[in-house]
Every structure is written in structure tokens, then in C-alpha cells.
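Heads up, entry.cif below (mmCIF, C-alpha atoms and all ligand atoms):
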```cif
data_run
#
loop_
_atom_site.label_atom_id
_atom_site.label_comp_id
_atom_site.auth_asym_id
_atom_site.auth_seq_id
_atom_site.Cartn_x
_atom_site.Cartn_y
_atom_site.Cartn_z
CA MET A 1 -36.52 -5.54 5.75
CA ALA A 2 -39.47 -4.49 7.92
CA ASP A 3 -38.70 -1.95 10.65
CA ASP A 4 -39.55 -4.35 13.43
CA VAL A 5 -37.15 -7.03 12.18
CA VAL A 6 -33.95 -7.21 14.24
CA ASN A 7 -31.18 -6.78 11.68
CA LEU A 8 -28.38 -9.20 12.50
CA LEU A 9 -27.64 -9.31 8.77
CA SER A 10 -25.88 -6.05 8.01
CA GLY A 11 -22.19 -5.45 8.64
CA HIS A 12 -22.56 -1.71 9.19
CA PRO A 13 -21.25 0.63 11.89
CA PRO A 14 -23.79 2.18 14.28
CA ALA A 15 -24.29 5.95 13.96
CA ALA A 16 -22.60 6.44 17.35
CA ALA A 17 -19.34 5.01 15.93
CA LEU A 18 -19.10 7.59 13.13
CA PRO A 19 -16.72 10.46 13.91
CA VAL A 20 -19.00 13.24 12.70
CA GLN A 21 -17.40 16.14 14.57
CA SER A 22 -13.79 15.08 14.29
CA TRP A 23 -14.12 14.33 10.57
CA ALA A 24 -15.53 17.81 9.98
CA ALA A 25 -12.71 19.29 12.09
CA ALA A 26 -10.14 17.33 10.06
CA GLY A 27 -11.61 18.79 6.85
CA LEU A 28 -11.15 22.31 8.21
CA ALA A 29 -7.65 21.58 9.48
CA ALA A 30 -6.70 20.07 6.09
CA ALA A 31 -7.96 23.22 4.35
CA ARG A 32 -5.83 25.36 6.69
CA ARG A 33 -2.73 23.20 6.38
CA TYR A 34 -2.84 22.42 2.66
CA ARG A 35 -4.73 25.52 1.44
CA GLY A 36 -6.15 24.82 -2.02
CA THR A 37 -4.28 21.54 -2.49
CA PRO A 38 -7.13 19.26 -1.32
CA LEU A 39 -9.43 20.84 -3.88
CA GLY A 40 -7.02 20.57 -6.79
CA TYR A 41 -5.88 17.67 -8.94
CA GLY A 42 -3.68 15.22 -7.07
CA PRO A 43 -1.12 12.47 -7.55
CA ALA A 44 -2.51 9.28 -9.11
CA ALA A 45 -1.42 6.96 -6.29
CA GLY A 46 -2.72 9.30 -3.59
CA PRO A 47 -1.28 12.22 -1.62
CA ALA A 48 2.09 11.73 0.13
CA PRO A 49 0.93 12.65 3.69
CA LEU A 50 -1.61 9.82 3.75
CA ILE A 51 0.74 7.32 2.09
CA GLU A 52 3.49 8.14 4.59
CA TRP A 53 1.09 7.77 7.50
CA LEU A 54 -0.14 4.41 6.12
CA CYS A 55 3.45 3.14 5.90
CA ASP A 56 4.08 4.15 9.50
CA ARG A 57 0.78 2.68 10.69
CA LEU A 58 1.43 -0.65 8.95
CA SER A 59 4.88 -0.80 10.58
CA ARG A 60 2.95 -0.91 13.91
CA THR A 61 0.01 -3.14 13.01
CA ASP A 62 1.77 -5.61 10.71
CA ALA A 63 5.09 -7.45 10.61
CA ARG A 64 6.59 -5.20 7.94
CA ALA A 65 5.83 -1.80 6.44
CA PRO A 66 5.51 -1.10 2.72
CA ALA A 67 7.68 1.54 1.06
CA PRO A 68 5.70 4.60 -0.09
CA ASP A 69 6.01 3.56 -3.75
CA GLY A 70 4.26 0.29 -2.86
CA VAL A 71 1.03 1.96 -1.68
CA PHE A 72 -1.96 3.04 -3.78
CA VAL A 73 -4.94 4.92 -2.29
CA THR A 74 -8.35 3.70 -3.47
CA GLY A 75 -12.04 4.42 -3.06
CA GLY A 76 -12.46 1.74 -0.38
CA ALA A 77 -11.50 -1.93 -0.37
CA SER A 78 -14.14 -2.69 -3.01
CA HIS A 79 -12.49 -0.29 -5.44
CA ALA A 80 -9.12 -1.83 -4.63
CA LEU A 81 -10.53 -5.29 -5.44
CA ASP A 82 -12.01 -3.98 -8.67
CA LEU A 83 -8.66 -2.44 -9.66
CA ALA A 84 -6.81 -5.65 -8.80
CA CYS A 85 -9.21 -7.53 -11.09
CA ALA A 86 -8.82 -4.96 -13.86
CA ALA A 87 -5.05 -5.43 -13.67
CA LEU A 88 -4.92 -9.20 -13.24
CA VAL A 89 -8.01 -10.89 -14.71
CA ARG A 90 -8.76 -11.46 -18.38
CA PRO A 91 -12.14 -12.78 -19.55
CA GLY A 92 -12.17 -16.57 -19.25
CA ASP A 93 -9.49 -16.66 -16.55
CA THR A 94 -10.13 -18.61 -13.38
CA VAL A 95 -10.45 -16.77 -10.08
CA LEU A 96 -10.22 -18.96 -6.97
CA VAL A 97 -11.98 -17.70 -3.86
CA ASP A 98 -12.02 -18.93 -0.30
CA ALA A 99 -15.00 -21.01 0.85
CA PRO A 100 -16.75 -19.31 2.54
CA THR A 101 -15.81 -15.81 1.47
CA TYR A 102 -16.91 -12.15 1.52
CA PHE A 103 -20.10 -12.44 -0.49
CA LEU A 104 -20.02 -9.01 -2.12
CA ALA A 105 -16.56 -9.64 -3.59
CA LEU A 106 -18.11 -12.40 -5.72
CA GLN A 107 -19.93 -9.81 -7.82
CA ILE A 108 -16.66 -7.92 -8.41
CA PHE A 109 -14.99 -11.09 -9.73
CA ALA A 110 -18.05 -11.93 -11.82
CA ASP A 111 -17.69 -8.51 -13.48
CA TYR A 112 -14.37 -9.72 -14.93
CA THR A 113 -14.73 -13.43 -15.64
CA THR A 114 -17.32 -16.18 -15.72
CA ASP A 115 -15.02 -18.72 -14.08
CA VAL A 116 -15.05 -18.02 -10.33
CA ARG A 117 -14.50 -21.20 -8.29
CA PRO A 118 -14.14 -22.13 -4.64
CA LEU A 119 -10.73 -23.24 -3.47
CA PRO A 120 -10.54 -26.33 -1.27
CA ALA A 121 -10.98 -25.37 2.37
CA ASP A 122 -11.70 -27.00 5.72
CA GLU A 123 -12.53 -25.66 9.18
CA GLY A 124 -9.04 -24.11 9.28
CA GLY A 125 -9.64 -22.17 6.06
CA ALA A 126 -7.88 -22.54 2.69
CA ASP A 127 -6.09 -25.89 2.36
CA PRO A 128 -2.72 -25.22 0.67
CA ASP A 129 -1.99 -28.79 -0.57
CA ALA A 130 -5.45 -29.26 -2.05
CA THR A 131 -5.33 -25.74 -3.54
CA GLU A 132 -2.01 -26.52 -5.20
CA ALA A 133 -3.41 -29.76 -6.61
CA LEU A 134 -6.40 -27.83 -7.98
CA ILE A 135 -4.15 -25.22 -9.62
CA ARG A 136 -2.07 -27.99 -11.23
CA ARG A 137 -5.26 -29.56 -12.63
CA LEU A 138 -6.52 -26.22 -13.92
CA HIS A 139 -3.18 -25.49 -15.57
CA ALA A 140 -3.13 -28.98 -17.10
CA ASP A 141 -6.58 -28.21 -18.56
CA GLY A 142 -5.12 -25.09 -20.16
CA ARG A 143 -6.80 -22.65 -17.81
CA ARG A 144 -5.10 -19.49 -16.59
CA VAL A 145 -5.54 -18.92 -12.85
CA ALA A 146 -5.49 -15.15 -12.41
CA LEU A 147 -5.74 -14.82 -8.66
CA LEU A 148 -6.55 -16.38 -5.29
CA TYR A 149 -8.82 -14.25 -3.13
CA LEU A 150 -8.59 -14.65 0.64
CA VAL A 151 -9.72 -12.78 3.75
CA PRO A 152 -7.18 -14.46 6.05
CA THR A 153 -7.50 -12.12 9.05
CA TYR A 154 -10.82 -11.95 10.97
CA ASN A 155 -12.57 -13.39 7.96
CA ASN A 156 -15.92 -12.23 6.73
CA PRO A 157 -18.04 -14.34 7.36
CA THR A 158 -16.30 -16.79 9.73
CA GLY A 159 -14.35 -14.39 11.94
CA ARG A 160 -11.44 -16.86 11.84
CA SER A 161 -7.83 -16.14 10.97
CA LEU A 162 -5.74 -18.42 8.80
CA ALA A 163 -2.83 -20.13 10.60
CA GLY A 164 0.69 -18.84 9.89
CA GLU A 165 1.84 -22.10 8.23
CA ARG A 166 -1.08 -22.01 5.82
CA ARG A 167 -0.37 -18.37 4.97
CA ALA A 168 3.25 -19.20 4.22
CA ALA A 169 2.34 -22.31 2.20
CA LEU A 170 -0.20 -20.39 0.11
CA VAL A 171 2.26 -17.59 -0.62
CA ALA A 172 4.87 -20.19 -1.61
CA LEU A 173 2.49 -21.99 -3.96
CA ALA A 174 1.41 -18.69 -5.50
CA ARG A 175 5.10 -18.06 -6.21
CA ARG A 176 5.60 -21.56 -7.70
CA HIS A 177 2.60 -21.29 -10.01
CA GLY A 178 2.72 -17.62 -10.97
CA VAL A 179 -0.64 -16.85 -9.35
CA VAL A 180 -1.26 -13.64 -7.40
CA VAL A 181 -2.85 -13.77 -3.95
CA VAL A 182 -5.29 -10.91 -3.37
CA GLU A 183 -5.36 -10.57 0.40
CA ASP A 184 -8.35 -8.69 1.77
CA ASP A 185 -7.04 -7.22 5.02
CA THR A 186 -10.08 -5.02 5.74
CA TYR A 187 -10.45 -6.10 9.40
CA ARG A 188 -6.77 -5.94 10.56
CA GLU A 189 -7.39 -2.97 12.86
CA LEU A 190 -10.49 -4.46 14.53
CA ALA A 191 -8.48 -6.77 16.81
CA TYR A 192 -10.07 -7.54 20.20
CA ASP A 193 -7.73 -10.05 21.86
CA GLY A 194 -4.19 -8.99 21.00
CA ALA A 195 -2.52 -8.06 17.74
CA ALA A 196 -3.67 -9.32 14.36
CA PRO A 197 -1.44 -11.95 12.72
CA PRO A 198 1.16 -10.79 10.16
CA SER A 199 -0.41 -10.32 6.76
CA MET A 200 0.33 -12.63 3.85
CA TRP A 201 1.73 -9.56 2.11
CA THR A 202 4.54 -9.45 4.70
CA LEU A 203 5.47 -13.06 3.85
CA ALA A 204 5.67 -12.42 0.13
CA GLU A 205 8.43 -11.37 -2.17
CA ALA A 206 7.79 -9.04 -5.09
CA GLY A 207 4.54 -9.61 -6.89
CA GLU A 208 2.97 -12.55 -5.10
CA VAL A 209 0.47 -10.71 -2.90
CA VAL A 210 -1.67 -7.63 -3.39
CA ARG A 211 -3.04 -6.58 0.01
CA VAL A 212 -6.22 -4.54 0.26
CA GLY A 213 -7.14 -2.31 3.23
CA SER A 214 -9.99 0.03 4.11
CA PHE A 215 -11.05 2.91 6.34
CA SER A 216 -14.68 1.77 6.12
CA LYS A 217 -14.69 -0.24 9.35
CA THR A 218 -12.29 1.92 11.34
CA VAL A 219 -13.49 5.42 10.39
CA ALA A 220 -16.58 5.51 8.13
CA PRO A 221 -17.78 3.66 5.03
CA GLY A 222 -19.27 6.77 3.41
CA ILE A 223 -15.84 8.33 2.96
CA ARG A 224 -15.05 5.52 0.50
CA LEU A 225 -11.34 5.38 1.21
CA GLY A 226 -9.01 2.41 1.26
CA PHE A 227 -5.65 1.38 -0.13
CA LEU A 228 -3.63 -1.47 -1.49
CA THR A 229 -0.02 -2.47 -0.95
CA ALA A 230 1.83 -4.24 -3.74
CA GLN A 231 5.12 -4.18 -5.58
CA PRO A 232 5.97 -0.72 -6.98
CA SER A 233 5.59 -1.86 -10.60
CA PHE A 234 2.00 -2.96 -9.84
CA VAL A 235 1.28 0.41 -8.21
CA ASP A 236 2.80 2.13 -11.26
CA SER A 237 0.55 0.12 -13.58
CA LEU A 238 -2.52 1.23 -11.60
CA ALA A 239 -1.31 4.83 -11.56
CA ALA A 240 -1.13 4.69 -15.37
CA ARG A 241 -4.80 3.76 -15.74
CA GLY A 242 -6.86 6.05 -17.90
CA TYR A 243 -9.39 7.11 -15.29
CA LEU A 244 -6.64 8.86 -13.35
CA ARG A 245 -5.31 10.90 -16.24
CA SER A 246 -7.74 13.78 -15.98
CA GLY A 247 -8.03 14.24 -12.23
CA GLY A 248 -5.62 12.06 -10.27
CA GLY A 249 -6.65 10.18 -7.16
CA PHE A 250 -8.87 10.83 -4.12
CA GLN A 251 -7.31 14.12 -3.21
CA ALA A 252 -9.78 15.88 -0.89
CA SER A 253 -10.93 12.89 1.15
CA ALA A 254 -7.39 11.46 1.30
CA LEU A 255 -5.89 14.72 2.61
CA THR A 256 -8.71 15.01 5.15
CA MET A 257 -7.91 11.46 6.22
CA ALA A 258 -4.22 12.37 6.40
CA GLU A 259 -5.13 15.16 8.81
CA PHE A 260 -7.48 12.90 10.80
CA CYS A 261 -4.68 10.33 11.13
CA THR A 262 -1.53 12.42 11.64
CA SER A 263 -3.23 14.58 14.31
CA GLY A 264 -3.67 11.49 16.50
CA VAL A 265 -7.46 11.52 16.22
CA TYR A 266 -7.46 8.22 14.30
CA VAL A 267 -5.70 6.29 17.07
CA ASP A 268 -8.05 7.66 19.76
CA HIS A 269 -11.12 7.02 17.62
CA LEU A 270 -9.94 3.51 16.81
CA ALA A 271 -9.42 2.71 20.51
CA GLY A 272 -13.05 3.74 21.09
CA VAL A 273 -14.53 1.66 18.28
CA VAL A 274 -12.39 -1.38 19.10
CA ALA A 275 -13.63 -1.22 22.72
CA LEU A 276 -17.22 -0.83 21.47
CA TYR A 277 -17.03 -3.77 19.03
CA ARG A 278 -15.28 -5.96 21.61
CA ARG A 279 -18.19 -5.36 24.01
CA GLN A 280 -20.68 -5.97 21.21
CA ARG A 281 -18.96 -9.25 20.35
CA ASP A 282 -19.08 -10.35 23.97
CA HIS A 283 -22.78 -9.51 24.22
CA LEU A 284 -23.68 -11.43 21.08
CA VAL A 285 -21.55 -14.41 22.15
CA ASP A 286 -23.34 -14.43 25.53
CA ALA A 287 -26.77 -14.17 23.91
CA VAL A 288 -26.05 -17.05 21.51
CA ARG A 289 -24.67 -19.22 24.31
CA ARG A 290 -27.76 -18.49 26.41
CA HIS A 291 -30.51 -18.81 23.80
CA LEU A 292 -28.96 -21.09 21.16
CA PRO A 293 -26.79 -23.52 23.12
CA GLY A 294 -27.05 -26.16 20.40
CA LEU A 295 -25.35 -24.02 17.73
CA ALA A 296 -21.59 -24.34 17.33
CA PHE A 297 -19.34 -21.35 16.65
CA ASP A 298 -15.85 -20.01 17.31
CA VAL A 299 -15.49 -16.79 19.27
CA PRO A 300 -13.91 -14.38 16.76
CA HIS A 301 -10.82 -12.43 17.90
CA GLY A 302 -11.61 -9.58 15.53
CA GLY A 303 -13.96 -8.32 12.83
CA TRP A 304 -17.72 -8.03 13.00
CA PHE A 305 -19.26 -11.50 12.63
CA LEU A 306 -20.29 -14.75 14.31
CA TRP A 307 -20.55 -17.79 12.02
CA LEU A 308 -23.03 -20.27 13.43
CA ALA A 309 -23.50 -23.90 12.44
CA LEU A 310 -27.08 -25.17 12.62
CA PRO A 311 -27.63 -28.76 13.75
CA GLU A 312 -27.08 -31.37 11.03
CA HIS A 313 -29.56 -31.05 8.10
CA GLY A 314 -30.29 -27.44 9.14
CA ASP A 315 -30.96 -25.15 6.18
CA SER A 316 -30.35 -21.44 6.75
CA VAL A 317 -31.90 -20.48 3.37
CA LYS A 318 -35.19 -22.27 4.10
CA LEU A 319 -35.19 -20.92 7.63
CA LEU A 320 -34.77 -17.26 6.61
CA PRO A 321 -38.40 -16.44 5.64
CA ARG A 322 -39.58 -17.97 8.92
CA ALA A 323 -36.93 -16.05 10.82
CA GLU A 324 -37.93 -12.78 9.18
CA ALA A 325 -41.59 -13.49 9.90
CA GLY A 326 -40.47 -14.12 13.49
CA GLY A 327 -38.73 -10.74 13.57
CA VAL A 328 -35.01 -11.42 12.96
CA SER A 329 -32.73 -11.43 9.94
CA TYR A 330 -29.26 -12.86 9.20
CA LEU A 331 -27.04 -13.73 6.25
CA PRO A 332 -27.62 -17.33 5.10
CA GLY A 333 -24.38 -19.27 4.63
CA PRO A 334 -24.80 -20.13 0.91
CA ARG A 335 -24.51 -16.43 0.01
CA CYS A 336 -20.85 -16.75 1.05
CA PHE A 337 -20.04 -19.81 -1.10
CA VAL A 338 -19.53 -19.48 -4.82
CA ASP A 339 -21.11 -22.92 -5.36
CA GLY A 340 -24.08 -22.19 -3.08
CA SER A 341 -23.05 -24.78 -0.49
CA GLY A 342 -22.86 -24.04 3.24
CA GLY A 343 -26.59 -24.36 3.92
CA ARG A 344 -25.95 -25.31 7.54
CA TYR A 345 -24.30 -21.98 8.31
CA LEU A 346 -25.50 -18.47 8.99
CA ARG A 347 -23.73 -15.21 9.75
CA LEU A 348 -24.73 -12.81 12.52
CA SER A 349 -23.26 -9.32 12.67
CA PHE A 350 -22.54 -7.68 16.02
CA SER A 351 -21.43 -4.28 14.70
CA LEU A 352 -24.73 -2.44 14.36
CA LEU A 353 -27.21 -3.02 17.17
CA PRO A 354 -27.20 -2.32 20.92
CA PRO A 355 -26.82 -5.37 23.19
CA ASP A 356 -30.48 -5.61 24.25
CA VAL A 357 -31.66 -5.52 20.62
CA MET A 358 -29.10 -8.15 19.57
CA ALA A 359 -30.21 -10.35 22.47
CA GLU A 360 -33.85 -9.96 21.42
CA GLY A 361 -32.89 -10.97 17.86
CA VAL A 362 -31.13 -14.09 19.12
CA ARG A 363 -34.12 -14.94 21.33
CA ARG A 364 -36.41 -14.65 18.29
CA LEU A 365 -34.09 -16.87 16.25
CA ALA A 366 -34.16 -19.47 19.03
CA ALA A 367 -37.98 -19.33 19.09
CA VAL A 368 -38.11 -19.91 15.31
CA LEU A 369 -35.66 -22.83 15.56
CA ASP A 370 -37.73 -24.36 18.37
CA GLY A 371 -41.02 -23.85 16.55
C1 LIG B 401 -13.89 -8.55 3.68
C2 LIG B 401 -14.39 -7.24 3.18
N1 LIG B 401 -13.79 -6.66 2.15
C3 LIG B 401 -14.22 -5.48 1.65
C4 LIG B 401 -15.32 -4.84 2.18
C5 LIG B 401 -15.78 -3.56 1.56
O1 LIG B 401 -15.03 -2.51 2.07
P1 LIG B 401 -15.17 -1.03 1.51
O2 LIG B 401 -16.34 -0.40 2.17
O3 LIG B 401 -13.87 -0.39 1.91
O4 LIG B 401 -15.32 -1.12 0.03
C6 LIG B 401 -15.97 -5.41 3.27
C7 LIG B 401 -17.16 -4.75 3.84
O5 LIG B 401 -18.06 -5.37 4.34
C8 LIG B 401 -15.51 -6.65 3.77
O6 LIG B 401 -16.13 -7.25 4.79
#
```
For the file at hand, write its structure as C-alpha cells.
Amino acid sequence: MADDVVNLLSGHPPAAALPVQSWAAAGLAAARRYRGTPLGYGPAAGPAPLIEWLCDRLSRTDARAPAPDGVFVTGGASHALDLACAALVRPGDTVLVDAPTYFLALQIFADYTTDVRPLPADEGGADPDATEALIRRLHADGRRVALLYLVPTYNNPTGRSLAGERRAALVALARRHGVVVVEDDTYRELAYDGAAPPSMWTLAEAGEVVRVGSFSKTVAPGIRLGFLTAQPSFVDSLAARGYLRSGGGFQASALTMAEFCTSGVYVDHLAGVVALYRRQRDHLVDAVRRHLPGLAFDVPHGGWFLWLALPEHGDSVKLLPRAEAGGVSYLPGPRCFVDGSGGRYLRLSFSLLPPDVMAEGVRRLAAVLDG
């Protein structure tokens, strides 16, 4: 992307949101507290101080906390998704993904099977009855459905959250049909208008939901740290994987994160970034309302994205080269659909750029649409 193009495409934090000093201080404090432990081999599922903090944190941000033996520390949410696939998906299995969905997860599923399909969805997200009918048809055709992938809370790309009844119905149908829901809960902590809804994991009994979380949006993506919560036997099966035998888990970064979190720095830092992203959301919403009044969207209550609908017959893929030539970039909707549909939609990110630059990007997009 050329330097003078306003980047409304990337879901990245701005440099000002990265806790450079306090992360360095946490590293020093972890070295003092744990001595050589952060630099040695560590437990496969992750170090106890971070796992205990995560359990406590989830008791505050979700409807129910996991037990420590139901938590596994990963190298970010992407690694957690990759591990979930390694454990659950065999070649030829069917993976059902939301429509639209987090576009970079599609590559992770494609690494494990060639049969990745959209599940039936409407404006409210995944449709449980139609999804159940699809699973019945797939089973009748002799296909094994390995997992359902959803981002039900502050979805990437739509920003929407799935209604409680749909969450419950999807968990129940996963139970009935022996399919695992992989719930990507990456945005839970970026809640701007009240608490995030209870996760699907909290509605499940043993084994129906694997929930994935991340420190990439709340602290920093370069640390590559996340986690999953699942039934203890699933965590045990991950802990037994070969790659952990020689060195264990993410010891140094996880103990630094434990220090960052248990010292109270995490909660203060999070309050700052949530306030920042709430303001950023409001600025982008205002700019779109002002410059693009014909484009429909829902104001997201969390996350990093606005999902805009172009007027009927609009085509965000065809529009993109003209938009970039006009000095603005975005994510075209079809990147978020496994079948390439969704041409009317486009995703704008409000995480990265200052308000005046975002507004200029929206103004440029409006000029291209008018031209
Ligand atoms: C829904 C969703 N899941 C996972 C990720 C990747 O997270 P991580 O950096 O922890 O791998 C992202 C990042 O954009 C995301 O939006």
C-alpha cells in the first residue's frame, strides 16, 4: 500500500497503544520475582501464575470461570486455532465457518482440510435451525463435521454479537451432533458500551466448546500470547503434543505477562486502550454518517471494525483499485466469506489511525463512490 493511502484496512493497534515501558518493567520484575524460572523450560500448558490470573480475570469478564486445568496458554489466538484444528480436524473433514468470518482463520482451516464451508447465516449471525439442517445433510452424505468456527462477540468483520438464544441453540446442536464449536473470543475485553455477553463456552458442558482468547488486542500482538479454555482432557491432549516435549510452553513471555497482569498494570492499561478505541469508534461512526450517509451499518459495541453495506449492486472488490487510486484502502467483504460472496460489504478498521486521518479516508471513499 502506498504511503499516502489512508489505511482503513488493517486491524492493528497504533504505536501509542503499545505498553513499551510497562512491558519492559514487567520483564524485569518477572526476572526478580521468578529468578531463572522464566528462562528455563516450563510446564506444557503454561505457567501457573498466568493460568491462575486468567481464571480470575474470566470470572470477572465472563459468566463463569474455567478451572486451571481447563486453560492452555498459546502463541496468540492464531496458534490456538491451529492447535484446535490439529486436535479436531482430519483431512477430508468438513469445517463450518460463520459467514462472514475472520478472513485469516480461513487459511488455518485450509491447512487442515479442503472442505471449509459457510454455515447458514442472516443479519443476526449464524442461524441455528438452518445450521442443524445442514449438519444433518452433511452427516447423511457420510461427511464428518469436525468443528463450527464462530466469532460470536464483537465479530470480525461485522462488529456484531450473536444473541443469547442463538448461542444456546448452537451449543445445544453441537451437543446433539457431536460437533465442537470453536469460539473465537479475541475481542471480549474491547467492550465499549457495557459488559460483553457471556461466552458460548460458559453455556457448554464438557467438550462442546473450545474458546480461544488473545493478548494481541489488549496488550500487544508482537508478544504472541493467547490461550484457550476447554475441558481438561482436551487441554491434556494438547499438552501431550510432541512440540512441547523438548521445551514446554511459552515460559518467558507468559511469566512476563503474569507479572504485567497480577501487578495491576493490565487493568490500568486496558482501561486506557478501551477508552481510546471507544473514541476512535465514535470518530469513525461520525465520519461515515457525515460523508457516506447512504451506507448502512450497525454501530459496534466492541472490537475494531465497522461493516458497511454499499447500495444495492455495489461491488467492494471492483471498487478497491479505484479507492486505492483515490487514496484510501479497506477490506472488501468477499475476503470474509469462504464462498467469495458478500460483494456489497466492506470492512473499515478504527483501531490504527488518528481521527483526522480516518475522516480524510472516509471523505476520499465518498469521493470515489460519487465519482
Ligand atoms: C477474530 C480474530 N481471531 C484471531 C485473531 C488473531 O489473533 P492473534 O494475534 O492472537 O493470533 C484476530 C486478529 O485480527 C482476530 O480478529
Go through A:Asp315, A:Asp127, A:Asp185, A:Asp62 and flag the residue nearest ligand LIG 401 (chain B), using only C-alpha atoms and all ligand atoms for the distances.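 Comparing A:Asp315, A:Asp127, A:Asp185, A:Asp62 against ligand LIG 401 (chain B), the winner is A:Asp185.
You will find atom CA of Ala240 of chain A at 22.7 Å from atom CA of Trp201 of chain A.
Taking only C-alpha atoms and all ligand atoms into account, ligand LIG 401 (chain B) lies nearest to A:Thr158 out of the set A:Thr94, A:Thr158, A:Ser233, A:Ser329.
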Environment of ligand LIG 401 (chain B) within 10 Å, counting all atoms listed in the file, reported as a count of residues only: 48
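Of the listed residues A:Val357, A:Leu292, A:Val235, A:Ala99, the one whose atoms come nearest to Pro334 of chain A is A:Ala99, with distances taken using all atoms listed in the file.
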Measure the distance from atom CA of Leu310 of chain A to atom CA of Ala366 of chain A in Å and round it to one decimal.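 So the two atoms, atom CA of Leu310 of chain A and atom CA of Ala366 of chain A, lie 11.1 Å apart.
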Long-range neighbours of Ala30 of chain A as number ranges by chain, 10 Å cut-off, all atoms listed in the file, 2 positions minimum in chain: A: 24-28, 32-38, 252-260
Which of these residues is nearest to His269 of chain A, using all atoms listed in the file: A:Asp236, A:Asp282, A:Glu189, A:Glu312? A:Glu189
Record the distance separating atom CA of Leu320 of chain A and atom CA of Tyr277 of chain A, expressed in Å with one decimal.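 A separation of 25.5 Å between them.
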Top pick for closest residue to Ser199 of chain A, considering A:Arg137, A:Arg211, A:Arg290, A:Arg175 and counting all atoms listed in the file: A:Arg211
Option closest in space to Tyr149 of chain A, from A:Arg344, A:Arg363, A:Arg64, A:Arg117 [counting only C-alpha atoms]: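 Ranked by minimum distance to Tyr149 of chain A, first place goes to A:Arg117.
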Residues near Gly249 of chain A, cut-off 9 Å, only C-alpha atoms, skip fewer than 2 positions along chain, as a PyMOL selection string: chain A and resi 41-47+73-75+239+244+247+251+254
